[in-house]
$ cat data10.cif   # mmCIF, C-alpha atoms
data_run
#
loop_
_atom_site.label_atom_id
_atom_site.label_comp_id
_atom_site.auth_asym_id
_atom_site.auth_seq_id
_atom_site.Cartn_x
_atom_site.Cartn_y
_atom_site.Cartn_z
CA MET P 1 5.65 20.99 45.42
CA LYS P 2 2.06 20.65 46.76
CA GLN P 3 0.48 17.28 46.43
CA SER P 4 -1.80 17.24 43.43
CA LYS P 5 -5.08 15.34 43.32
CA LEU P 6 -3.91 14.01 39.96
CA ILE P 7 -0.86 12.25 41.37
CA LEU P 8 -2.64 9.02 42.34
CA PRO P 9 -4.52 8.68 39.01
CA ILE P 10 -1.25 9.24 37.14
CA ILE P 11 0.57 6.59 39.20
CA VAL P 12 -2.34 4.19 38.66
CA ILE P 13 -2.44 4.76 34.89
CA SER P 14 1.35 4.36 34.62
CA GLN P 15 1.26 1.14 36.63
CA PHE P 16 -1.61 -0.18 34.51
CA CYS P 17 0.22 0.55 31.25
CA CYS P 18 3.53 -0.95 32.34
CA THR P 19 2.24 -4.11 34.00
CA SER P 20 0.51 -5.08 30.74
CA LEU P 21 3.92 -6.61 29.91
CA TRP P 22 3.42 -9.32 32.53
CA PHE P 23 1.02 -11.69 30.78
CA ALA P 24 1.65 -10.48 27.23
CA GLY P 25 3.27 -13.82 26.40
CA ASN P 26 0.48 -15.80 28.09
CA SER P 27 -2.23 -14.16 26.01
CA VAL P 28 -0.60 -15.32 22.75
CA ILE P 29 0.74 -18.64 24.01
CA THR P 30 -1.11 -20.72 21.40
CA ASN P 31 0.46 -18.60 18.64
CA LEU P 32 3.91 -18.90 20.18
CA ILE P 33 3.56 -22.67 20.44
CA LYS P 34 2.50 -22.89 16.79
CA ASP P 35 4.95 -20.39 15.24
CA PHE P 36 8.04 -21.45 17.21
CA ASN P 37 7.30 -25.18 17.53
CA LEU P 38 7.13 -25.16 21.33
CA ASN P 39 5.92 -27.94 23.61
CA ASP P 40 2.34 -27.81 24.84
CA ASN P 41 3.57 -27.14 28.41
CA ALA P 42 5.38 -23.96 27.32
CA LEU P 43 2.82 -21.83 29.18
CA GLY P 44 4.22 -22.83 32.58
CA ASP P 45 7.82 -22.40 31.41
CA LEU P 46 7.34 -18.95 29.87
CA THR P 47 5.32 -17.72 32.85
CA SER P 48 7.95 -19.02 35.25
CA ALA P 49 10.65 -17.25 33.20
CA VAL P 50 8.92 -13.91 33.80
CA GLN P 51 8.50 -14.72 37.48
CA PHE P 52 12.13 -15.79 37.82
CA GLY P 53 13.31 -12.62 36.06
CA PHE P 54 11.19 -10.59 38.46
CA ILE P 55 12.69 -12.45 41.41
CA ILE P 56 16.28 -11.80 40.34
CA GLY P 57 15.43 -8.22 39.50
CA THR P 58 13.75 -7.51 42.82
CA LEU P 59 16.60 -9.21 44.68
CA ILE P 60 19.18 -6.99 42.97
CA PHE P 61 17.01 -3.88 43.37
CA ALA P 62 16.56 -4.68 47.06
CA ILE P 63 20.21 -5.50 47.87
CA MET P 64 21.40 -2.39 46.03
CA ALA P 65 18.51 -0.33 47.50
CA ILE P 66 18.03 1.17 44.02
CA ALA P 67 14.68 2.91 44.61
CA ASP P 68 15.76 4.20 48.04
CA ARG P 69 19.06 5.64 46.75
CA PHE P 70 17.91 7.03 43.39
CA SER P 71 14.85 8.89 42.14
CA PRO P 72 12.03 6.29 41.99
CA SER P 73 10.43 7.99 38.97
CA LYS P 74 13.67 7.70 36.98
CA VAL P 75 14.06 4.06 38.00
CA PHE P 76 10.46 3.47 36.89
CA LEU P 77 11.05 5.11 33.49
CA ILE P 78 14.24 3.19 32.68
CA SER P 79 12.64 -0.09 33.76
CA ALA P 80 9.50 0.56 31.69
CA ILE P 81 11.47 1.26 28.51
CA LEU P 82 13.81 -1.73 28.90
CA GLY P 83 10.93 -4.04 29.82
CA ALA P 84 9.06 -2.87 26.71
CA PHE P 85 12.12 -3.52 24.55
CA PHE P 86 12.63 -7.12 25.68
CA ASN P 87 8.90 -7.79 25.44
CA LEU P 88 8.93 -6.57 21.83
CA ILE P 89 11.81 -8.84 20.82
CA ILE P 90 9.60 -11.95 21.04
CA ILE P 91 7.95 -11.01 17.72
CA ASN P 92 11.27 -11.73 15.96
CA GLU P 93 10.69 -14.72 13.67
CA ALA P 94 14.21 -16.03 14.39
CA ASN P 95 13.29 -16.82 17.99
CA ASN P 96 13.35 -20.30 19.48
CA PHE P 97 12.38 -21.67 22.89
CA THR P 98 15.63 -20.54 24.53
CA SER P 99 15.53 -16.99 23.17
CA LEU P 100 11.86 -16.65 24.17
CA ILE P 101 12.70 -17.77 27.70
CA VAL P 102 15.52 -15.18 27.86
CA CYS P 103 13.26 -12.40 26.56
CA ARG P 104 10.52 -13.21 29.08
CA PHE P 105 13.13 -13.45 31.85
CA LEU P 106 14.48 -9.97 31.03
CA THR P 107 10.97 -8.57 30.79
CA GLY P 108 10.33 -9.91 34.28
CA PHE P 109 13.65 -8.50 35.49
CA PHE P 110 12.67 -4.95 34.57
CA LEU P 111 9.16 -5.37 35.94
CA ALA P 112 11.05 -5.32 39.25
CA GLY P 113 11.58 -1.62 38.63
CA ILE P 114 7.89 -1.07 37.94
CA TYR P 115 5.55 -2.81 40.38
CA PRO P 116 7.36 -2.44 43.75
CA VAL P 117 8.81 0.93 42.73
CA GLY P 118 5.29 2.11 41.88
CA MET P 119 4.23 1.16 45.43
CA LYS P 120 7.25 3.04 46.78
CA ILE P 121 6.24 6.16 44.83
CA ALA P 122 2.70 5.92 46.20
CA ALA P 123 4.05 5.52 49.75
CA ASP P 124 6.18 8.67 49.25
CA TYR P 125 3.05 10.67 48.46
CA PHE P 126 0.39 9.11 50.64
CA ASN P 127 1.60 8.67 54.18
CA LYS P 128 -1.99 8.73 55.38
CA GLY P 129 -4.52 6.61 53.54
CA LEU P 130 -1.77 4.40 52.17
CA GLY P 131 -4.02 1.35 52.17
CA LYS P 132 -6.56 3.01 49.89
CA SER P 133 -3.81 4.26 47.58
CA LEU P 134 -2.26 0.81 47.30
CA GLY P 135 -5.72 -0.61 46.67
CA PHE P 136 -5.94 1.50 43.50
CA LEU P 137 -2.34 0.69 42.62
CA VAL P 138 -2.65 -3.08 42.93
CA GLY P 139 -5.97 -2.78 41.10
CA ALA P 140 -4.03 -1.22 38.24
CA LEU P 141 -1.58 -4.13 38.32
CA VAL P 142 -4.46 -6.58 38.07
CA LEU P 143 -6.06 -4.79 35.11
CA GLY P 144 -2.68 -4.42 33.45
CA THR P 145 -2.06 -8.15 33.92
CA ALA P 146 -5.47 -8.98 32.43
CA LEU P 147 -5.25 -6.48 29.54
CA PRO P 148 -3.33 -8.71 27.07
CA HIS P 149 -6.20 -11.22 27.16
CA LEU P 150 -8.62 -8.45 26.14
CA LEU P 151 -6.25 -7.22 23.45
CA LYS P 152 -6.04 -10.78 22.13
CA ASP P 153 -9.83 -10.89 21.86
CA LEU P 154 -10.06 -7.47 20.19
CA THR P 155 -7.31 -8.19 17.66
CA GLN P 156 -8.37 -11.67 16.52
CA THR P 157 -8.45 -10.49 12.90
CA TYR P 158 -4.87 -9.22 13.20
CA SER P 159 -1.54 -10.92 13.84
CA TRP P 160 -0.78 -11.94 17.44
CA LYS P 161 2.20 -9.62 17.17
CA SER P 162 -0.16 -6.64 17.49
CA VAL P 163 -0.76 -7.62 21.14
CA ILE P 164 2.98 -7.55 21.85
CA ILE P 165 3.47 -4.24 20.04
CA ALA P 166 0.54 -2.70 21.92
CA THR P 167 1.78 -3.77 25.36
CA SER P 168 5.32 -2.52 24.67
CA SER P 169 3.93 0.81 23.49
CA LEU P 170 1.78 1.10 26.61
CA SER P 171 4.75 0.38 28.87
CA THR P 172 6.86 3.09 27.22
CA PHE P 173 3.98 5.56 27.54
CA GLY P 174 3.44 4.65 31.21
CA GLY P 175 7.12 5.14 32.04
CA LEU P 176 7.20 8.56 30.38
CA LEU P 177 3.98 9.58 32.13
CA MET P 178 5.41 8.72 35.54
CA PHE P 179 8.74 10.45 34.87
CA VAL P 180 7.24 13.68 33.53
CA LEU P 181 4.30 14.15 35.89
CA VAL P 182 5.31 12.47 39.17
CA PRO P 183 8.46 13.91 40.78
CA ASP P 184 9.85 12.58 44.06
CA GLY P 185 7.18 12.58 46.75
CA PRO P 186 7.11 14.80 49.86
CA HIS P 187 7.50 11.83 52.23
CA ARG P 188 10.50 10.35 50.47
CA LYS P 189 13.49 9.76 52.72
CA PRO P 190 16.54 9.19 50.51
CA ASN P 191 19.00 6.60 51.73
CA LYS P 192 22.48 7.62 50.64
CA ASN P 193 24.20 4.70 52.32
CA LEU P 194 24.56 1.31 50.65
CA ASN P 195 23.88 -1.45 53.17
CA LEU P 196 23.87 -4.80 51.37
CA LEU P 197 22.25 -6.54 54.33
CA ALA P 198 19.41 -4.05 54.90
CA CYS P 199 16.96 -6.03 52.80
CA PHE P 200 17.43 -9.08 55.02
CA SER P 201 17.65 -7.33 58.39
CA VAL P 202 13.97 -6.30 58.16
CA PHE P 203 13.02 -9.93 58.83
CA LYS P 204 14.41 -9.64 62.36
CA LYS P 205 11.18 -7.87 63.36
CA ARG P 206 8.56 -10.44 64.31
CA ASN P 207 5.57 -8.44 63.06
CA PHE P 208 7.23 -7.80 59.71
CA ARG P 209 8.20 -11.44 59.40
CA SER P 210 4.69 -12.72 60.10
CA ILE P 211 3.10 -10.36 57.53
CA ALA P 212 5.73 -11.39 54.99
CA LEU P 213 4.80 -15.04 55.56
CA VAL P 214 1.14 -14.18 54.95
CA TYR P 215 2.14 -12.52 51.68
CA PHE P 216 4.08 -15.61 50.60
CA GLY P 217 1.02 -17.79 51.23
CA HIS P 218 -1.11 -15.38 49.22
CA MET P 219 1.36 -15.54 46.32
CA TRP P 220 1.32 -19.37 46.29
CA GLU P 221 -2.28 -19.16 45.10
CA LEU P 222 -2.46 -15.89 43.15
CA TYR P 223 -0.26 -16.31 40.08
CA ALA P 224 -1.02 -20.00 39.67
CA PHE P 225 -4.71 -19.06 39.53
CA TRP P 226 -4.08 -16.23 37.04
CA THR P 227 -1.82 -18.40 34.89
CA PHE P 228 -4.28 -21.26 34.59
CA VAL P 229 -7.57 -19.37 34.21
CA PRO P 230 -7.59 -20.04 30.42
CA LEU P 231 -6.82 -23.70 31.12
CA MET P 232 -9.65 -23.90 33.67
CA LEU P 233 -12.07 -22.60 31.05
CA THR P 234 -10.69 -25.01 28.46
CA LYS P 235 -10.87 -27.95 30.88
CA TYR P 236 -14.52 -27.20 31.67
CA SER P 237 -15.33 -26.97 27.94
CA ILE P 238 -13.75 -30.39 27.41
CA ASN P 239 -15.63 -31.92 30.34
CA PHE P 240 -18.94 -30.53 29.04
CA THR P 241 -18.67 -30.47 25.25
CA GLN P 242 -21.78 -28.36 24.68
CA THR P 243 -20.14 -25.47 26.54
CA ASN P 244 -18.48 -22.85 24.34
CA PHE P 245 -16.46 -20.08 25.99
CA ASN P 246 -14.81 -16.95 24.60
CA ILE P 247 -11.66 -17.78 26.55
CA PRO P 248 -9.62 -14.56 25.97
CA LEU P 249 -12.54 -12.32 26.94
CA LEU P 250 -13.53 -14.39 29.97
CA SER P 251 -9.90 -14.58 31.11
CA PHE P 252 -9.76 -10.78 31.04
CA VAL P 253 -12.97 -10.49 33.05
CA ILE P 254 -12.02 -13.12 35.64
CA ILE P 255 -8.55 -11.67 36.23
CA GLY P 256 -9.47 -8.02 35.72
CA ILE P 257 -12.38 -8.05 38.19
CA GLY P 258 -9.75 -8.41 40.87
CA GLY P 259 -8.78 -4.79 40.25
CA VAL P 260 -12.22 -3.70 41.40
CA ALA P 261 -11.94 -6.01 44.41
CA CYS P 262 -8.67 -4.35 45.47
CA VAL P 263 -10.34 -0.94 45.60
CA ILE P 264 -13.43 -2.27 47.39
CA GLY P 265 -11.24 -4.12 49.88
CA ALA P 266 -9.27 -0.96 50.63
CA TYR P 267 -12.49 0.92 51.50
CA ILE P 268 -13.82 -1.96 53.60
CA ALA P 269 -10.52 -1.99 55.51
CA GLU P 270 -11.19 1.57 56.70
CA PHE P 271 -14.13 0.19 58.71
CA LEU P 272 -13.06 -3.35 59.60
CA GLY P 273 -9.31 -2.81 59.80
CA THR P 274 -6.59 -3.83 57.37
CA LYS P 275 -5.65 -7.11 59.02
CA LYS P 276 -9.23 -8.34 59.50
CA THR P 277 -10.18 -7.50 55.91
CA ALA P 278 -7.11 -9.33 54.59
CA ALA P 279 -8.03 -12.36 56.71
CA ILE P 280 -11.56 -12.44 55.26
CA ALA P 281 -10.19 -12.31 51.69
CA LEU P 282 -7.72 -15.11 52.45
CA LEU P 283 -10.45 -17.26 53.98
CA LEU P 284 -12.78 -16.78 51.00
CA SER P 285 -10.06 -17.58 48.45
CA CYS P 286 -9.16 -20.66 50.47
CA CYS P 287 -12.79 -21.78 50.26
CA CYS P 288 -12.67 -21.32 46.48
CA CYS P 289 -9.64 -23.61 46.23
CA ILE P 290 -11.39 -26.26 48.32
CA LEU P 291 -14.68 -26.01 46.43
CA SER P 292 -13.11 -25.95 42.95
CA PRO P 293 -13.26 -29.76 42.36
CA PHE P 294 -17.02 -29.77 43.02
CA VAL P 295 -17.73 -26.73 40.81
CA PHE P 296 -15.73 -28.31 37.97
CA SER P 297 -18.03 -31.34 38.12
CA ILE P 298 -21.33 -29.43 37.84
CA GLU P 299 -22.74 -28.84 34.35
CA ASN P 300 -23.86 -25.24 34.82
CA LYS P 301 -21.68 -22.79 32.94
CA MET P 302 -23.18 -19.70 34.58
CA LEU P 303 -22.40 -21.12 38.00
CA PHE P 304 -18.89 -22.00 36.85
CA ILE P 305 -18.19 -18.53 35.41
CA GLY P 306 -19.70 -16.85 38.48
CA PHE P 307 -17.50 -18.99 40.72
CA LEU P 308 -14.33 -18.04 38.78
CA VAL P 309 -15.29 -14.34 38.81
CA PHE P 310 -15.76 -14.47 42.59
CA TRP P 311 -12.47 -16.34 42.97
CA GLY P 312 -10.80 -13.72 40.78
CA MET P 313 -11.96 -11.05 43.23
CA VAL P 314 -11.01 -12.64 46.55
CA VAL P 315 -7.68 -14.09 45.32
CA ILE P 316 -6.19 -10.58 45.01
CA ALA P 317 -8.24 -8.44 47.39
CA ASP P 318 -5.79 -8.96 50.27
CA SER P 319 -2.68 -7.99 48.24
CA PRO P 320 -2.74 -4.17 48.77
CA LEU P 321 -3.71 -4.71 52.41
CA LEU P 322 -0.69 -6.92 53.02
CA SER P 323 1.58 -4.44 51.23
CA THR P 324 0.20 -1.72 53.50
CA LEU P 325 1.02 -3.76 56.60
CA ILE P 326 4.52 -4.43 55.25
CA ALA P 327 5.12 -0.71 54.61
CA GLN P 328 3.83 0.17 58.10
CA ASN P 329 6.31 -2.15 59.78
CA VAL P 330 9.56 -0.67 58.41
CA LYS P 331 11.37 2.66 58.59
CA GLY P 332 10.78 5.14 55.77
CA GLU P 333 14.34 5.09 54.44
CA ILE P 334 14.20 1.34 53.69
CA LYS P 335 10.51 1.10 52.72
CA ALA P 336 11.21 0.42 49.05
CA THR P 337 13.84 -2.16 49.96
CA ALA P 338 11.43 -3.99 52.28
CA LEU P 339 8.60 -4.01 49.74
CA THR P 340 10.99 -5.21 47.04
CA ILE P 341 12.57 -8.09 48.98
CA VAL P 342 9.15 -9.36 50.05
CA ASN P 343 8.06 -9.19 46.40
CA SER P 344 11.20 -11.09 45.39
CA ILE P 345 10.61 -13.99 47.75
CA GLY P 346 6.88 -13.95 47.05
CA TYR P 347 7.42 -14.36 43.33
CA LEU P 348 9.83 -17.22 43.98
CA VAL P 349 6.91 -18.93 45.66
CA THR P 350 4.81 -18.36 42.51
CA ILE P 351 7.33 -20.26 40.38
CA ILE P 352 7.12 -23.25 42.71
CA SER P 353 3.31 -23.28 42.69
CA ILE P 354 3.04 -22.75 38.91
CA GLN P 355 5.51 -25.54 38.19
CA PHE P 356 3.83 -27.75 40.78
CA VAL P 357 0.43 -27.32 39.13
CA SER P 358 1.97 -27.75 35.66
CA LYS P 359 3.45 -31.11 36.63
CA PHE P 360 0.19 -32.14 38.25
CA ILE P 361 -1.66 -31.32 35.00
CA GLU P 362 0.76 -33.51 33.03
CA ILE P 363 0.01 -36.45 35.32
CA THR P 364 -3.76 -36.17 35.65
CA ASP P 365 -6.87 -34.35 34.43
CA SER P 366 -8.49 -34.68 37.86
CA ASN P 367 -10.87 -31.97 39.04
CA TYR P 368 -8.76 -31.79 42.21
CA ILE P 369 -5.80 -30.14 40.44
CA PHE P 370 -6.41 -26.68 41.87
CA PHE P 371 -7.36 -27.93 45.33
CA ILE P 372 -3.65 -27.78 46.23
CA LEU P 373 -3.68 -23.98 45.92
CA ALA P 374 -5.45 -23.91 49.31
CA ILE P 375 -2.07 -24.58 50.95
CA GLY P 376 -1.11 -20.90 50.54
CA PRO P 377 -4.18 -19.27 52.13
CA ILE P 378 -4.17 -21.79 54.99
CA LEU P 379 -0.54 -20.98 55.88
CA GLY P 380 -1.26 -17.29 55.36
CA LEU P 381 -4.16 -17.32 57.81
CA ALA P 382 -2.02 -19.11 60.39
CA SER P 383 0.77 -16.52 60.02
CA LEU P 384 -1.68 -13.61 60.16
CA LYS P 385 -2.99 -14.90 63.46
CA MET P 386 0.56 -14.70 64.87
CA ASN P 387 0.90 -11.02 63.95
CA LYS P 388 0.57 -8.75 66.99
CA SER P 389 0.97 -5.40 65.24
CA LYS P 390 -1.18 -2.58 66.60
CA LYS P 391 -1.29 -1.00 63.13
CA VAL P 392 -4.26 -2.78 61.62
#

$ encode --input "data10.cif" --output "structure tokens"
Amino acid sequence: MKQSKLILPIIVISQFCCTSLWFAGNSVITNLIKDFNLNDNALGDLTSAVQFGFIIGTLIFAIMAIADRFSPSKVFLISAILGAFFNLIIINEANNFTSLIVCRFLTGFFLAGIYPVGMKIAADYFNKGLGKSLGFLVGALVLGTALPHLLKDLTQTYSWKSVIIATSSLSTFGGLLMFVLVPDGPHRKPNKNLNLLACFSVFKKRNFRSIALVYFGHMWELYAFWTFVPLMLTKYSINFTQTNFNIPLLSFVIIGIGGVACVIGAYIAEFLGTKKTAAIALLLSCCCCILSPFVFSIENKMLFIGFLVFWGMVVIADSPLLSTLIAQNVKGEIKATALTIVNSIGYLVTIISIQFVSKFIEITDSNYIFFILAIGPILGLASLKMNKSKKV
């Protein structure tokens, strides 16, 4: 089959639809707390449940080399449908805290068959220009992640359950779209052999290991920032009582703008190089972490919103670039496995940072809460400097 110009848009749309499951629970967290009598800190717990489910899922997918041994499009479809199912269950009025945690965990588990598998599918089609393709793909992830906040704003006159129903419907549609219109790519190299240690052996390569460490530093900041964007807006409104924000809409804009940044970053990388562009994004996001306490203390809501929008761009711009470097440093037959295991460990890091910030918030309302997110970019920049790969 000849590569169609429609393949990348279809992959992007499918990824966008399916990753809307990710923050579906976050967008309706106030409703969940009220309807199911949850604690006020349930946001961190439910978000971590999704992340933990994703970690276990990616670990199993990587060890079993699922997307390398079986058709990635079929894996994507099955994962999209099952993820949609467990996402939908949270509207059941008989739920309690434990059942909600389980549902979000299982939703995260099957997201493991969506996000990294989507990158694998793109890599099977776009051997050249992979960085640009992943820029669009990660951009779709960002918009999909932000979408529930927009749906929450658009459906304020309806039950919060409409947001959950909409995201589950989108995921099912995205899975079917990928399965029907995107067959196995021309660059796919099936791996018929099951090697349970393959996902760990990739770390023996120094260049791969250093890029993976950069990715882990990036993840320390990314999901903690996304998770607490609504809280940042709320905190600022409390500090300056005359400020009134449309929090769901602004959360969508601040997170969603990162999708545009991913695409822009991919084009910039064609001129500056992938590694250099990723380093610039890491440096800028690190500066945002460091400057956040001072911006929180200034009574200028336009400056504050502009700062968060800029942070929302640079916090994710390096993600597709790092995934490109990861894919370039492994053999084709274990590419999906390598991408998946790095995702698995990276999302473990997100749980630690989210819980760390959550505990910090319980202790203090200091403006320095998000300063600690700078740890990730700083370590990432140090690891990137150690990378000696010629493929930049």

$ atom_distance --input "data10.cif" --atom1 "atom CA of Phe252 of chain P" --atom2 "atom CA of Ile280 of chain P"
24.3 Å

$ residues_around --input "data10.cif" --residues "segment 219-235 of chain P" --least-positions-apart "2" --cutoff "7 Å" --atoms "only C-alpha atoms" --output "PyMOL selection string"
chain P and resi 215-217+237-239+247+251+255+315-316+346-347+349-350+353-354+373+376

$ resolve_selection --input "data10.cif" --expression "the PyMOL selection byres ((chain P and resi 77) around 8)" --output "number ranges by chain"
P: 73-76, 78-81, 172, 174-176, 178-179

$ write_last_selection --input "data10.cif" --atoms "C-alpha atoms" --output "PDB file, in the frame of the given file"
ATOM      1  CA  SER P  73      10.430   7.990  38.970  1.00  0.00           C
ATOM      2  CA  LYS P  74      13.670   7.700  36.980  1.00  0.00           C
ATOM      3  CA  VAL P  75      14.060   4.060  38.000  1.00  0.00           C
ATOM      4  CA  PHE P  76      10.460   3.470  36.890  1.00  0.00           C
ATOM      5  CA  ILE P  78      14.240   3.190  32.680  1.00  0.00           C
ATOM      6  CA  SER P  79      12.640  -0.090  33.760  1.00  0.00           C
ATOM      7  CA  ALA P  80       9.500   0.560  31.690  1.00  0.00           C
ATOM      8  CA  ILE P  81      11.470   1.260  28.510  1.00  0.00           C
ATOM      9  CA  THR P 172       6.860   3.090  27.220  1.00  0.00           C
ATOM     10  CA  GLY P 174       3.440   4.650  31.210  1.00  0.00           C
ATOM     11  CA  GLY P 175       7.120   5.140  32.040  1.00  0.00           C
ATOM     12  CA  LEU P 176       7.200   8.560  30.380  1.00  0.00           C
ATOM     13  CA  MET P 178       5.410   8.720  35.540  1.00  0.00           C
ATOM     14  CA  PHE P 179       8.740  10.450  34.870  1.00  0.00           C
TER      15      PHE P 179
END

$ resolve_selection --input "data10.cif" --expression "the PyMOL selection byres ((chain P and resi 276) around 12)" --output "list of chain:residue names"
P:Gly265, P:Ala266, P:Ile268, P:Ala269, P:Glu270, P:Phe271, P:Leu272, P:Gly273, P:Thr274, P:Lys275, P:Thr277, P:Ala278, P:Ala279, P:Ile280, P:Ala281, P:Leu282, P:Leu283, P:Asp318, P:Leu321, P:Leu322, P:Leu325, P:Leu381, P:Leu384, P:Lys385, P:Asn387, P:Lys391, P:Val392

$ closest_residue --input "data10.cif" --among "P:Arg69, P:Arg206, P:Lys161, P:Lys5" --to "Ile29 of chain P" --atoms "only C-alpha atoms"
P:Lys161

$ residues_around --input "data10.cif" --residues "Ser366 of chain P" --least-positions-apart "6" --cutoff "12 Å" --atoms "all atoms listed in the file" --output "list of chain:residue names"
P:Met232, P:Lys235, P:Tyr236, P:Asn239, P:Ser292, P:Pro293, P:Phe294, P:Phe296, P:Ser297, P:Val357, P:Phe360, P:Ile372

$ resolve_selection --input "data10.cif" --expression "the PyMOL selection byres ((chain P and resi 165) around 10)" --output "mmCIF file with C-alpha atoms, in the coordinates of the input"
data_model
loop_
_atom_site.group_PDB
_atom_site.id
_atom_site.type_symbol
_atom_site.label_atom_id
_atom_site.label_comp_id
_atom_site.auth_asym_id
_atom_site.auth_seq_id
_atom_site.Cartn_x
_atom_site.Cartn_y
_atom_site.Cartn_z
ATOM 1 C CA ALA P 24 1.650 -10.480 27.230
ATOM 2 C CA ALA P 84 9.060 -2.870 26.710
ATOM 3 C CA PHE P 85 12.120 -3.520 24.550
ATOM 4 C CA ASN P 87 8.900 -7.790 25.440
ATOM 5 C CA LEU P 88 8.930 -6.570 21.830
ATOM 6 C CA ILE P 89 11.810 -8.840 20.820
ATOM 7 C CA ILE P 90 9.600 -11.950 21.040
ATOM 8 C CA ILE P 91 7.950 -11.010 17.720
ATOM 9 C CA TRP P 160 -0.780 -11.940 17.440
ATOM 10 C CA LYS P 161 2.200 -9.620 17.170
ATOM 11 C CA SER P 162 -0.160 -6.640 17.490
ATOM 12 C CA VAL P 163 -0.760 -7.620 21.140
ATOM 13 C CA ILE P 164 2.980 -7.550 21.850
ATOM 14 C CA ALA P 166 0.540 -2.700 21.920
ATOM 15 C CA THR P 167 1.780 -3.770 25.360
ATOM 16 C CA SER P 168 5.320 -2.520 24.670
ATOM 17 C CA SER P 169 3.930 0.810 23.490
ATOM 18 C CA LEU P 170 1.780 1.100 26.610
#

$ residues_around --input "data10.cif" --residues "Ile10 of chain P" --least-positions-apart "4" --cutoff "9 Å" --atoms "only C-alpha atoms" --output "VMD selection string"
chain P and resid 6 14 to 15 174 177 to 178 181 to 182

$ atom_distance --input "data10.cif" --atom1 "atom CA of Ile11 of chain P" --atom2 "atom CA of Gly113 of chain P"
13.7 Å

$ atom_distance --input "data10.cif" --atom1 "atom CA of Cys289 of chain P" --atom2 "atom CA of Phe371 of chain P"
5.0 Å

$ residues_near_point --input "data10.cif" --point "(-15.3, -12.8, 42.8)" --cutoff "10 Å" --atoms "only C-alpha atoms" --output "tab-separated table (two decimals) with C-alpha atoms, in the frame of the given file"
chain	number	residue	atom	x	y	z
P	254	ILE	CA	-12.02	-13.12	35.64
P	255	ILE	CA	-8.55	-11.67	36.23
P	257	ILE	CA	-12.38	-8.05	38.19
P	258	GLY	CA	-9.75	-8.41	40.87
P	260	VAL	CA	-12.22	-3.70	41.40
P	261	ALA	CA	-11.94	-6.01	44.41
P	284	LEU	CA	-12.78	-16.78	51.00
P	285	SER	CA	-10.06	-17.58	48.45
P	288	CYS	CA	-12.67	-21.32	46.48
P	305	ILE	CA	-18.19	-18.53	35.41
P	306	GLY	CA	-19.70	-16.85	38.48
P	307	PHE	CA	-17.50	-18.99	40.72
P	308	LEU	CA	-14.33	-18.04	38.78
P	309	VAL	CA	-15.29	-14.34	38.81
P	310	PHE	CA	-15.76	-14.47	42.59
P	311	TRP	CA	-12.47	-16.34	42.97
P	312	GLY	CA	-10.80	-13.72	40.78
P	313	MET	CA	-11.96	-11.05	43.23
P	314	VAL	CA	-11.01	-12.64	46.55
P	315	VAL	CA	-7.68	-14.09	45.32
P	316	ILE	CA	-6.19	-10.58	45.01
P	317	ALA	CA	-8.24	-8.44	47.39

$ closest_residue --input "data10.cif" --among "P:Val330, P:Leu379, P:Asp35, P:Phe356" --to "Asn92 of chain P" --atoms "all atoms listed in the file"
P:Asp35

$ residues_around --input "data10.cif" --residues "Gly57 of chain P" --least-positions-apart "3" --cutoff "8 Å" --atoms "all atoms listed in the file" --output "ChimeraX atom specification"
/P:53-54,60-61,108-113,344

$ write_last_selection --input "data10.cif" --atoms "C-alpha atoms" --output "JSON list (two decimals), in the coordinates of the input"
[["chain", "number", "residue", "atom", "x", "y", "z"],
["P", 53, "GLY", "CA", 13.31, -12.62, 36.06],
["P", 54, "PHE", "CA", 11.19, -10.59, 38.46],
["P", 60, "ILE", "CA", 19.18, -6.99, 42.97],
["P", 61, "PHE", "CA", 17.01, -3.88, 43.37],
["P", 108, "GLY", "CA", 10.33, -9.91, 34.28],
["P", 109, "PHE", "CA", 13.65, -8.50, 35.49],
["P", 110, "PHE", "CA", 12.67, -4.95, 34.57],
["P", 111, "LEU", "CA", 9.16, -5.37, 35.94],
["P", 112, "ALA", "CA", 11.05, -5.32, 39.25],
["P", 113, "GLY", "CA", 11.58, -1.62, 38.63],
["P", 344, "SER", "CA", 11.20, -11.09, 45.39]]

$ closest_residue --input "data10.cif" --among "P:Ser159, P:Ser133, P:Asn244, P:Asn343" --to "Leu8 of chain P" --atoms "all atoms listed in the file"
P:Ser133
